[in-house]
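Chemist: Let me give you the structure first, and then I'll get to my questions.
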Amino acid sequence: MILFILLGVLIAAIRGKHPRKLLHEPSLLPLIALEIVFWVFQISAWMGDYRFVPYGGWLQMGCILSLLWPILKFRLYPRALAGAAMVCAGSLLNRAAMAANGGSMPVYPTLSRLTGYYRDGALAASGDVRHILMSGSTRLNFLGDYIDAGFSVMSVGDLLIHGFVTLIIYGVAARLDDTKEEG
């Protein structure tokens, strides 16, 4: 999720906003807290401890739900509706890939192998039944997890889902900047 938070910050900076103000925004504290938990999970995986992998979906949902506070506080309703459409579309794409593969999402780690985030046999060791290694026998691989950031392997659907975070972070930065200029 950090990539999508940083993307929102970068877009705000490029568009002339002052994203530094985001650090002092209390409505973003739940998202920041969940992002810290996410990094504890990531570091555990890097160290070969995959017991938190099954909770990744819950953490992702928590991050998305934590955005309700800034959405309500800054009245980011049109942006939230666009983000909700992105989440729905991304979820449908992910579900299609999983349905075509017996309920499992095909994963093709590349950069994550080099960084050590993914090791051969990791899926079996973690007890993760939601993911399988992508191969010639998996179906709809173009919807699978193959976009590798080195610490996370994402699908096109995941990009849409996480793009919601970028929309809201930028929206908060823009509103904070607008509020400062008015006052």
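Chain labels A, B, ... are given in the sequence in which chains occur in the structure tokens; within each chain residues are numbered consecutively from 1, and ligands are likewise numbered from 1 in the order shown.
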Excluding Ile11 of chain A and any residue of its chain fewer than 2 positions from it, enumerate the residues within 10 Å of it, using only C-alpha atoms, and give them as JSON, numbers by chain.

Modeler: {"A": [6, 7, 8, 9, 13, 14, 15, 16, 17, 19, 166, 167, 169, 170, 173]}

Chemist: Please, could you write that set of residues out with all heavy atoms as a short mmCIF file (atom, residue, chain, number, x, y, z; two decimals), in the first residue's frame?

Modeler:
```cif
data_model
loop_
_atom_site.label_atom_id
_atom_site.label_comp_id
_atom_site.auth_asym_id
_atom_site.auth_seq_id
_atom_site.Cartn_x
_atom_site.Cartn_y
_atom_site.Cartn_z
N LEU A 6 2.46 6.81 -1.52
CA LEU A 6 3.51 7.68 -2.07
C LEU A 6 3.12 8.23 -3.44
O LEU A 6 3.46 9.38 -3.76
CB LEU A 6 4.83 6.92 -2.15
CG LEU A 6 5.46 6.55 -0.81
CD1 LEU A 6 6.70 5.69 -1.02
CD2 LEU A 6 5.77 7.79 0.01
N LEU A 7 2.41 7.44 -4.24
CA LEU A 7 1.95 7.93 -5.53
C LEU A 7 0.98 9.10 -5.35
O LEU A 7 1.07 10.11 -6.06
CB LEU A 7 1.29 6.81 -6.34
CG LEU A 7 0.81 7.17 -7.73
CD1 LEU A 7 1.95 7.69 -8.60
CD2 LEU A 7 0.13 5.97 -8.38
N GLY A 8 0.07 8.99 -4.38
CA GLY A 8 -0.84 10.10 -4.09
C GLY A 8 -0.09 11.34 -3.65
O GLY A 8 -0.41 12.47 -4.06
N VAL A 9 0.95 11.16 -2.83
CA VAL A 9 1.78 12.27 -2.37
C VAL A 9 2.54 12.89 -3.55
O VAL A 9 2.59 14.11 -3.69
CB VAL A 9 2.76 11.78 -1.27
CG1 VAL A 9 3.81 12.84 -0.96
CG2 VAL A 9 2.00 11.37 -0.02
N ALA A 13 2.30 16.66 -5.04
CA ALA A 13 3.46 17.55 -5.17
C ALA A 13 3.59 18.06 -6.60
O ALA A 13 3.85 19.25 -6.83
CB ALA A 13 4.73 16.81 -4.75
N ILE A 14 3.40 17.18 -7.57
CA ILE A 14 3.50 17.58 -8.98
C ILE A 14 2.43 18.62 -9.32
O ILE A 14 2.69 19.56 -10.08
CB ILE A 14 3.37 16.34 -9.90
CG1 ILE A 14 4.63 15.49 -9.79
CG2 ILE A 14 3.11 16.75 -11.35
CD1 ILE A 14 4.54 14.13 -10.46
N ARG A 15 1.27 18.50 -8.72
CA ARG A 15 0.18 19.43 -9.01
C ARG A 15 0.23 20.69 -8.14
O ARG A 15 -0.74 21.44 -8.08
CB ARG A 15 -1.16 18.72 -8.85
CG ARG A 15 -1.24 17.57 -9.88
CD ARG A 15 -2.55 16.97 -9.96
NE ARG A 15 -3.23 17.59 -11.09
CZ ARG A 15 -4.51 17.41 -11.34
NH1 ARG A 15 -5.24 16.66 -10.54
NH2 ARG A 15 -5.07 17.97 -12.38
N GLY A 16 1.35 20.88 -7.44
CA GLY A 16 1.54 22.12 -6.70
C GLY A 16 0.93 22.15 -5.31
O GLY A 16 0.83 23.21 -4.70
N LYS A 17 0.50 21.02 -4.79
CA LYS A 17 -0.04 20.96 -3.43
C LYS A 17 1.12 20.79 -2.45
O LYS A 17 2.26 20.57 -2.85
CB LYS A 17 -1.04 19.81 -3.30
CG LYS A 17 -2.16 19.83 -4.33
CD LYS A 17 -2.98 21.10 -4.25
CE LYS A 17 -4.06 21.12 -5.31
NZ LYS A 17 -4.73 22.41 -5.37
N PRO A 19 2.07 18.29 0.15
CA PRO A 19 1.73 17.01 0.78
C PRO A 19 2.33 16.82 2.17
O PRO A 19 1.91 15.93 2.90
CB PRO A 19 2.28 15.98 -0.21
CG PRO A 19 3.28 16.68 -1.03
CD PRO A 19 2.86 18.11 -1.07
N THR A 166 -4.63 5.98 -3.61
CA THR A 166 -3.99 7.12 -4.28
C THR A 166 -4.99 8.26 -4.46
O THR A 166 -4.67 9.42 -4.19
CB THR A 166 -3.41 6.68 -5.64
OG1 THR A 166 -2.46 5.64 -5.42
CG2 THR A 166 -2.75 7.84 -6.35
N LEU A 167 -6.19 7.93 -4.92
CA LEU A 167 -7.22 8.96 -5.12
C LEU A 167 -7.53 9.71 -3.83
O LEU A 167 -7.64 10.94 -3.83
CB LEU A 167 -8.52 8.32 -5.63
CG LEU A 167 -8.58 7.89 -7.08
CD1 LEU A 167 -9.89 7.18 -7.36
CD2 LEU A 167 -8.41 9.08 -7.99
N ILE A 169 -5.68 9.86 -0.94
CA ILE A 169 -4.52 10.60 -0.42
C ILE A 169 -4.35 11.91 -1.18
O ILE A 169 -4.15 12.97 -0.58
CB ILE A 169 -3.24 9.74 -0.49
CG1 ILE A 169 -3.33 8.54 0.45
CG2 ILE A 169 -1.99 10.57 -0.21
CD1 ILE A 169 -3.44 8.89 1.92
N TYR A 170 -4.45 11.85 -2.50
CA TYR A 170 -4.36 13.09 -3.27
C TYR A 170 -5.49 14.04 -2.89
O TYR A 170 -5.28 15.24 -2.73
CB TYR A 170 -4.37 12.83 -4.78
CG TYR A 170 -4.48 14.13 -5.53
CD1 TYR A 170 -3.39 14.98 -5.63
CD2 TYR A 170 -5.70 14.56 -6.05
CE1 TYR A 170 -3.49 16.21 -6.26
CE2 TYR A 170 -5.81 15.78 -6.68
CZ TYR A 170 -4.71 16.61 -6.78
OH TYR A 170 -4.82 17.83 -7.38
N ALA A 173 -4.73 15.71 0.38
CA ALA A 173 -3.66 16.71 0.21
C ALA A 173 -4.21 17.97 -0.46
O ALA A 173 -3.90 19.09 -0.05
CB ALA A 173 -2.52 16.12 -0.61
#
```

Chemist: Residues at most 12 Å from Arg75 of chain A, counting only C-alpha atoms, excluding those fewer than 3 positions away in the same chain, as a list in words?

Modeler: Leu67, Leu68, Trp69, Pro70, Ile71, Leu72, Pro78, Arg79, Ala80, Leu81, Ile168, Gly171, Val172, Ala174, Arg175 and Leu176 of chain A

Chemist: Output all heavy atoms of each residue in that selection to a file, as a short mmCIF file (atom, residue, chain, number, x, y, z; two decimals), in the first residue's frame.

Modeler:
```
data_model
loop_
_atom_site.label_atom_id
_atom_site.label_comp_id
_atom_site.auth_asym_id
_atom_site.auth_seq_id
_atom_site.Cartn_x
_atom_site.Cartn_y
_atom_site.Cartn_z
N LEU A 67 -10.03 4.58 5.20
CA LEU A 67 -10.16 5.81 4.41
C LEU A 67 -11.52 6.46 4.56
O LEU A 67 -11.73 7.57 4.06
CB LEU A 67 -9.86 5.51 2.94
CG LEU A 67 -8.42 5.08 2.67
CD1 LEU A 67 -8.26 4.65 1.23
CD2 LEU A 67 -7.45 6.19 3.02
N LEU A 68 -12.45 5.79 5.24
CA LEU A 68 -13.76 6.41 5.47
C LEU A 68 -13.65 7.72 6.24
O LEU A 68 -14.36 8.67 5.95
CB LEU A 68 -14.68 5.45 6.23
CG LEU A 68 -15.25 4.30 5.42
CD1 LEU A 68 -16.02 3.34 6.32
CD2 LEU A 68 -16.14 4.83 4.31
N TRP A 69 -12.74 7.78 7.22
CA TRP A 69 -12.60 9.00 8.03
C TRP A 69 -12.21 10.19 7.17
O TRP A 69 -12.87 11.23 7.22
CB TRP A 69 -11.62 8.78 9.18
CG TRP A 69 -12.23 7.99 10.29
CD1 TRP A 69 -12.91 8.48 11.36
CD2 TRP A 69 -12.27 6.57 10.41
NE1 TRP A 69 -13.36 7.43 12.15
CE2 TRP A 69 -12.99 6.26 11.58
CE3 TRP A 69 -11.78 5.52 9.64
CZ2 TRP A 69 -13.21 4.96 12.01
CZ3 TRP A 69 -12.00 4.22 10.06
CH2 TRP A 69 -12.71 3.97 11.23
N PRO A 70 -11.13 10.11 6.38
CA PRO A 70 -10.81 11.28 5.56
C PRO A 70 -11.86 11.56 4.49
O PRO A 70 -12.10 12.73 4.16
CB PRO A 70 -9.45 10.94 4.93
CG PRO A 70 -9.23 9.50 5.18
CD PRO A 70 -10.08 9.09 6.32
N ILE A 71 -12.51 10.51 3.97
CA ILE A 71 -13.56 10.73 2.97
C ILE A 71 -14.69 11.57 3.58
O ILE A 71 -15.15 12.54 2.98
CB ILE A 71 -14.11 9.39 2.44
CG1 ILE A 71 -13.07 8.71 1.54
CG2 ILE A 71 -15.42 9.60 1.67
CD1 ILE A 71 -13.39 7.27 1.21
N LEU A 72 -15.11 11.19 4.78
CA LEU A 72 -16.20 11.93 5.44
C LEU A 72 -15.75 13.31 5.89
O LEU A 72 -16.47 14.30 5.71
CB LEU A 72 -16.73 11.12 6.62
CG LEU A 72 -17.42 9.81 6.26
CD1 LEU A 72 -17.73 9.00 7.51
CD2 LEU A 72 -18.67 10.06 5.45
N PRO A 78 -17.28 12.35 -4.54
CA PRO A 78 -17.09 11.93 -5.95
C PRO A 78 -15.83 11.08 -6.13
O PRO A 78 -15.84 10.08 -6.84
CB PRO A 78 -16.97 13.25 -6.72
CG PRO A 78 -17.63 14.27 -5.84
CD PRO A 78 -17.38 13.82 -4.43
N ARG A 79 -14.78 11.47 -5.45
CA ARG A 79 -13.52 10.72 -5.51
C ARG A 79 -13.71 9.32 -4.90
O ARG A 79 -13.20 8.33 -5.42
CB ARG A 79 -12.46 11.51 -4.74
CG ARG A 79 -11.05 11.07 -4.98
CD ARG A 79 -10.09 12.05 -4.33
NE ARG A 79 -10.17 13.38 -4.88
CZ ARG A 79 -9.52 13.79 -5.96
NH1 ARG A 79 -8.76 12.96 -6.61
NH2 ARG A 79 -9.63 15.03 -6.39
N ALA A 80 -14.46 9.25 -3.82
CA ALA A 80 -14.72 7.96 -3.17
C ALA A 80 -15.57 7.06 -4.06
O ALA A 80 -15.34 5.85 -4.11
CB ALA A 80 -15.41 8.18 -1.83
N LEU A 81 -16.53 7.64 -4.77
CA LEU A 81 -17.34 6.83 -5.70
C LEU A 81 -16.49 6.29 -6.84
O LEU A 81 -16.64 5.13 -7.23
CB LEU A 81 -18.51 7.66 -6.25
CG LEU A 81 -19.65 7.91 -5.26
CD1 LEU A 81 -20.67 8.86 -5.86
CD2 LEU A 81 -20.31 6.60 -4.86
N ILE A 168 -7.68 8.98 -2.75
CA ILE A 168 -8.06 9.61 -1.48
C ILE A 168 -6.89 10.41 -0.90
O ILE A 168 -7.09 11.54 -0.42
CB ILE A 168 -8.58 8.56 -0.47
CG1 ILE A 168 -9.82 7.85 -1.04
CG2 ILE A 168 -8.88 9.20 0.88
CD1 ILE A 168 -10.95 8.77 -1.47
N GLY A 171 -6.70 13.52 -2.75
CA GLY A 171 -7.85 14.35 -2.39
C GLY A 171 -7.67 15.05 -1.05
O GLY A 171 -7.99 16.23 -0.91
N VAL A 172 -7.13 14.31 -0.07
CA VAL A 172 -6.87 14.92 1.24
C VAL A 172 -5.81 16.00 1.11
O VAL A 172 -5.96 17.10 1.65
CB VAL A 172 -6.46 13.85 2.27
CG1 VAL A 172 -5.99 14.49 3.57
CG2 VAL A 172 -7.61 12.88 2.54
N ALA A 174 -5.05 17.78 -1.47
CA ALA A 174 -5.62 18.94 -2.18
C ALA A 174 -6.52 19.75 -1.25
O ALA A 174 -6.46 20.98 -1.24
CB ALA A 174 -6.40 18.47 -3.41
N ARG A 175 -7.35 19.06 -0.46
CA ARG A 175 -8.25 19.78 0.46
C ARG A 175 -7.47 20.49 1.56
O ARG A 175 -7.82 21.61 1.93
CB ARG A 175 -9.27 18.82 1.08
CG ARG A 175 -10.32 18.35 0.11
CD ARG A 175 -11.30 19.50 -0.23
NE ARG A 175 -12.14 19.18 -1.34
CZ ARG A 175 -13.34 18.64 -1.25
NH1 ARG A 175 -13.85 18.36 -0.09
NH2 ARG A 175 -14.02 18.38 -2.35
N LEU A 176 -6.45 19.84 2.09
CA LEU A 176 -5.64 20.50 3.11
C LEU A 176 -4.97 21.74 2.55
O LEU A 176 -4.87 22.77 3.22
CB LEU A 176 -4.57 19.53 3.65
CG LEU A 176 -5.05 18.43 4.58
CD1 LEU A 176 -3.94 17.42 4.84
CD2 LEU A 176 -5.55 19.02 5.90
#
```

Chemist: Pick out each residue of segment 6-183 of chain A that DSSP on the backbone tags as strand (DSSP E or B); I need them as a compact mmCIF listing (two decimals) with N, CA and C atoms, in the first residue's frame.

Modeler:
```txt
# COMPACT_ATOMS: atom_id res chain seq x y z
N MET A 105 -5.34 -17.75 -6.83
CA MET A 105 -4.78 -16.70 -7.69
C MET A 105 -3.38 -17.11 -8.13
N PRO A 106 -3.15 -17.15 -9.46
CA PRO A 106 -1.80 -17.47 -9.94
C PRO A 106 -0.83 -16.32 -9.67
N VAL A 107 0.37 -16.67 -9.21
CA VAL A 107 1.39 -15.68 -8.84
C VAL A 107 2.67 -16.00 -9.60
N HIS A 131 -3.21 -18.71 -3.17
CA HIS A 131 -2.26 -18.41 -4.24
C HIS A 131 -1.58 -19.70 -4.72
N ILE A 132 -1.33 -19.76 -6.04
CA ILE A 132 -0.57 -20.85 -6.65
C ILE A 132 0.44 -20.24 -7.59
N LEU A 133 1.52 -20.95 -7.83
CA LEU A 133 2.51 -20.44 -8.77
C LEU A 133 1.95 -20.46 -10.18
N ASP A 145 -1.25 -12.39 -10.42
CA ASP A 145 -0.27 -11.54 -9.74
C ASP A 145 1.08 -11.69 -10.44
N ILE A 147 2.84 -8.35 -11.37
CA ILE A 147 3.44 -7.02 -11.29
C ILE A 147 4.19 -6.98 -9.97
N ASP A 148 5.50 -7.14 -10.04
CA ASP A 148 6.32 -7.40 -8.86
C ASP A 148 7.10 -6.15 -8.44
N VAL A 153 3.69 -8.79 -4.91
CA VAL A 153 3.38 -9.15 -6.28
C VAL A 153 1.90 -8.88 -6.48
N MET A 154 1.59 -8.02 -7.45
CA MET A 154 0.22 -7.55 -7.62
C MET A 154 -0.33 -7.90 -9.00
```

Chemist: Grab the atom CA of Gly62 of chain A to atom CA of Asp178 of chain A distance for me, in Å with one decimal place.

Modeler: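 Going from atom CA of Gly62 of chain A over to atom CA of Asp178 of chain A, I get 28.1 Å.
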
Chemist: Please list as a list in words every residue within 10 Å of Gln60 of chain A, counting only C-alpha atoms and excluding residues in the same chain fewer than 3 positions away.

Modeler: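 Residues near the query, excluding close chain neighbours: Met1, Leu34, Glu35, Phe38, Tyr55, Gly56, Gly57, Cys63, Ile64, Leu65, Ser66, Ile161 and His162 of chain A.
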
Chemist: To one decimal place, how far is atom CA of Ser44 of chain A from atom CA of Tyr146 of chain A in Å?

Modeler: 21.4 Å

Chemist: What is the distance, in Å and to one decimal place, between atom CA of Arg113 of chain A and atom CA of Ala149 of chain A?

Modeler: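 The value is 10.7 Å.
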
Chemist: Looking at only C-alpha atoms, which of A:Leu28, A:Ala33, A:Asp120, A:Arg130 is the one that sits closest to Phe74 of chain A?

Modeler: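 Comparing A:Leu28, A:Ala33, A:Asp120, A:Arg130 against Phe74 of chain A, the winner is A:Leu28.
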
Chemist: With distances taken over only C-alpha atoms, which of A:Ala82, A:Leu59, A:Ala96, A:Leu143 is nearest to Ile36 of chain A?

Modeler: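 Looking at the shortest contact to Ile36 of chain A, the residue is A:Leu59.
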
Chemist: Find the residues around Tyr118 of chain A up to 8 Å (only C-alpha atoms counted), leave out those fewer than 2 positions away in its own chain, and share them as a PyMOL selection string.

Modeler: chain A and resi 45-46+109+112-113+115-116+120+122

Chemist: Output N, CA, C and O atoms for every residue in the selection just made, as a PDB file, in the first residue's frame.

Modeler:
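As written to disk, part08.pdb reads:
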```
ATOM      1  N   ALA A  45       7.769 -11.834   6.474  1.00  0.00           N
ATOM      2  CA  ALA A  45       7.874 -12.649   5.259  1.00  0.00           C
ATOM      3  C   ALA A  45       9.306 -12.636   4.724  1.00  0.00           C
ATOM      4  O   ALA A  45       9.817 -13.671   4.286  1.00  0.00           O
ATOM      5  N   TRP A  46       9.946 -11.478   4.752  1.00  0.00           N
ATOM      6  CA  TRP A  46      11.341 -11.402   4.297  1.00  0.00           C
ATOM      7  C   TRP A  46      12.227 -12.323   5.127  1.00  0.00           C
ATOM      8  O   TRP A  46      13.196 -12.867   4.640  1.00  0.00           O
ATOM      9  N   PRO A 109       6.275 -14.526  -9.194  1.00  0.00           N
ATOM     10  CA  PRO A 109       7.253 -13.630  -8.579  1.00  0.00           C
ATOM     11  C   PRO A 109       8.520 -13.542  -9.418  1.00  0.00           C
ATOM     12  O   PRO A 109       9.039 -14.550  -9.878  1.00  0.00           O
ATOM     13  N   SER A 112      10.730 -10.214  -6.599  1.00  0.00           N
ATOM     14  CA  SER A 112      10.641 -10.696  -5.212  1.00  0.00           C
ATOM     15  C   SER A 112      11.577 -11.860  -4.938  1.00  0.00           C
ATOM     16  O   SER A 112      12.005 -12.066  -3.806  1.00  0.00           O
ATOM     17  N   ARG A 113      11.896 -12.622  -5.963  1.00  0.00           N
ATOM     18  CA  ARG A 113      12.887 -13.706  -5.796  1.00  0.00           C
ATOM     19  C   ARG A 113      14.263 -13.100  -5.561  1.00  0.00           C
ATOM     20  O   ARG A 113      15.046 -13.604  -4.758  1.00  0.00           O
ATOM     21  N   THR A 115      14.954 -10.051  -4.314  1.00  0.00           N
ATOM     22  CA  THR A 115      15.038  -9.331  -3.033  1.00  0.00           C
ATOM     23  C   THR A 115      14.966 -10.271  -1.839  1.00  0.00           C
ATOM     24  O   THR A 115      15.235  -9.857  -0.716  1.00  0.00           O
ATOM     25  N   GLY A 116      14.563 -11.525  -2.086  1.00  0.00           N
ATOM     26  CA  GLY A 116      14.438 -12.485  -0.991  1.00  0.00           C
ATOM     27  C   GLY A 116      13.072 -12.496  -0.351  1.00  0.00           C
ATOM     28  O   GLY A 116      12.823 -13.249   0.590  1.00  0.00           O
ATOM     29  N   ASP A 120      11.458 -20.101  -3.098  1.00  0.00           N
ATOM     30  CA  ASP A 120      10.800 -21.294  -3.622  1.00  0.00           C
ATOM     31  C   ASP A 120      10.227 -22.116  -2.474  1.00  0.00           C
ATOM     32  O   ASP A 120      10.863 -22.291  -1.435  1.00  0.00           O
ATOM     33  N   ALA A 122       7.670 -21.196  -0.741  1.00  0.00           N
ATOM     34  CA  ALA A 122       7.092 -20.301   0.271  1.00  0.00           C
ATOM     35  C   ALA A 122       5.577 -20.446   0.357  1.00  0.00           C
ATOM     36  O   ALA A 122       5.009 -20.378   1.452  1.00  0.00           O
TER      37      ALA A 122
END
```

Chemist: Calculated over only C-alpha atoms, which of the candidates A:Pro54, A:Ser27, A:Leu140, A:Leu10 has the smallest distance to Lys73 of chain A?

Modeler: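 Ranked by minimum distance to Lys73 of chain A, first place goes to A:Ser27.
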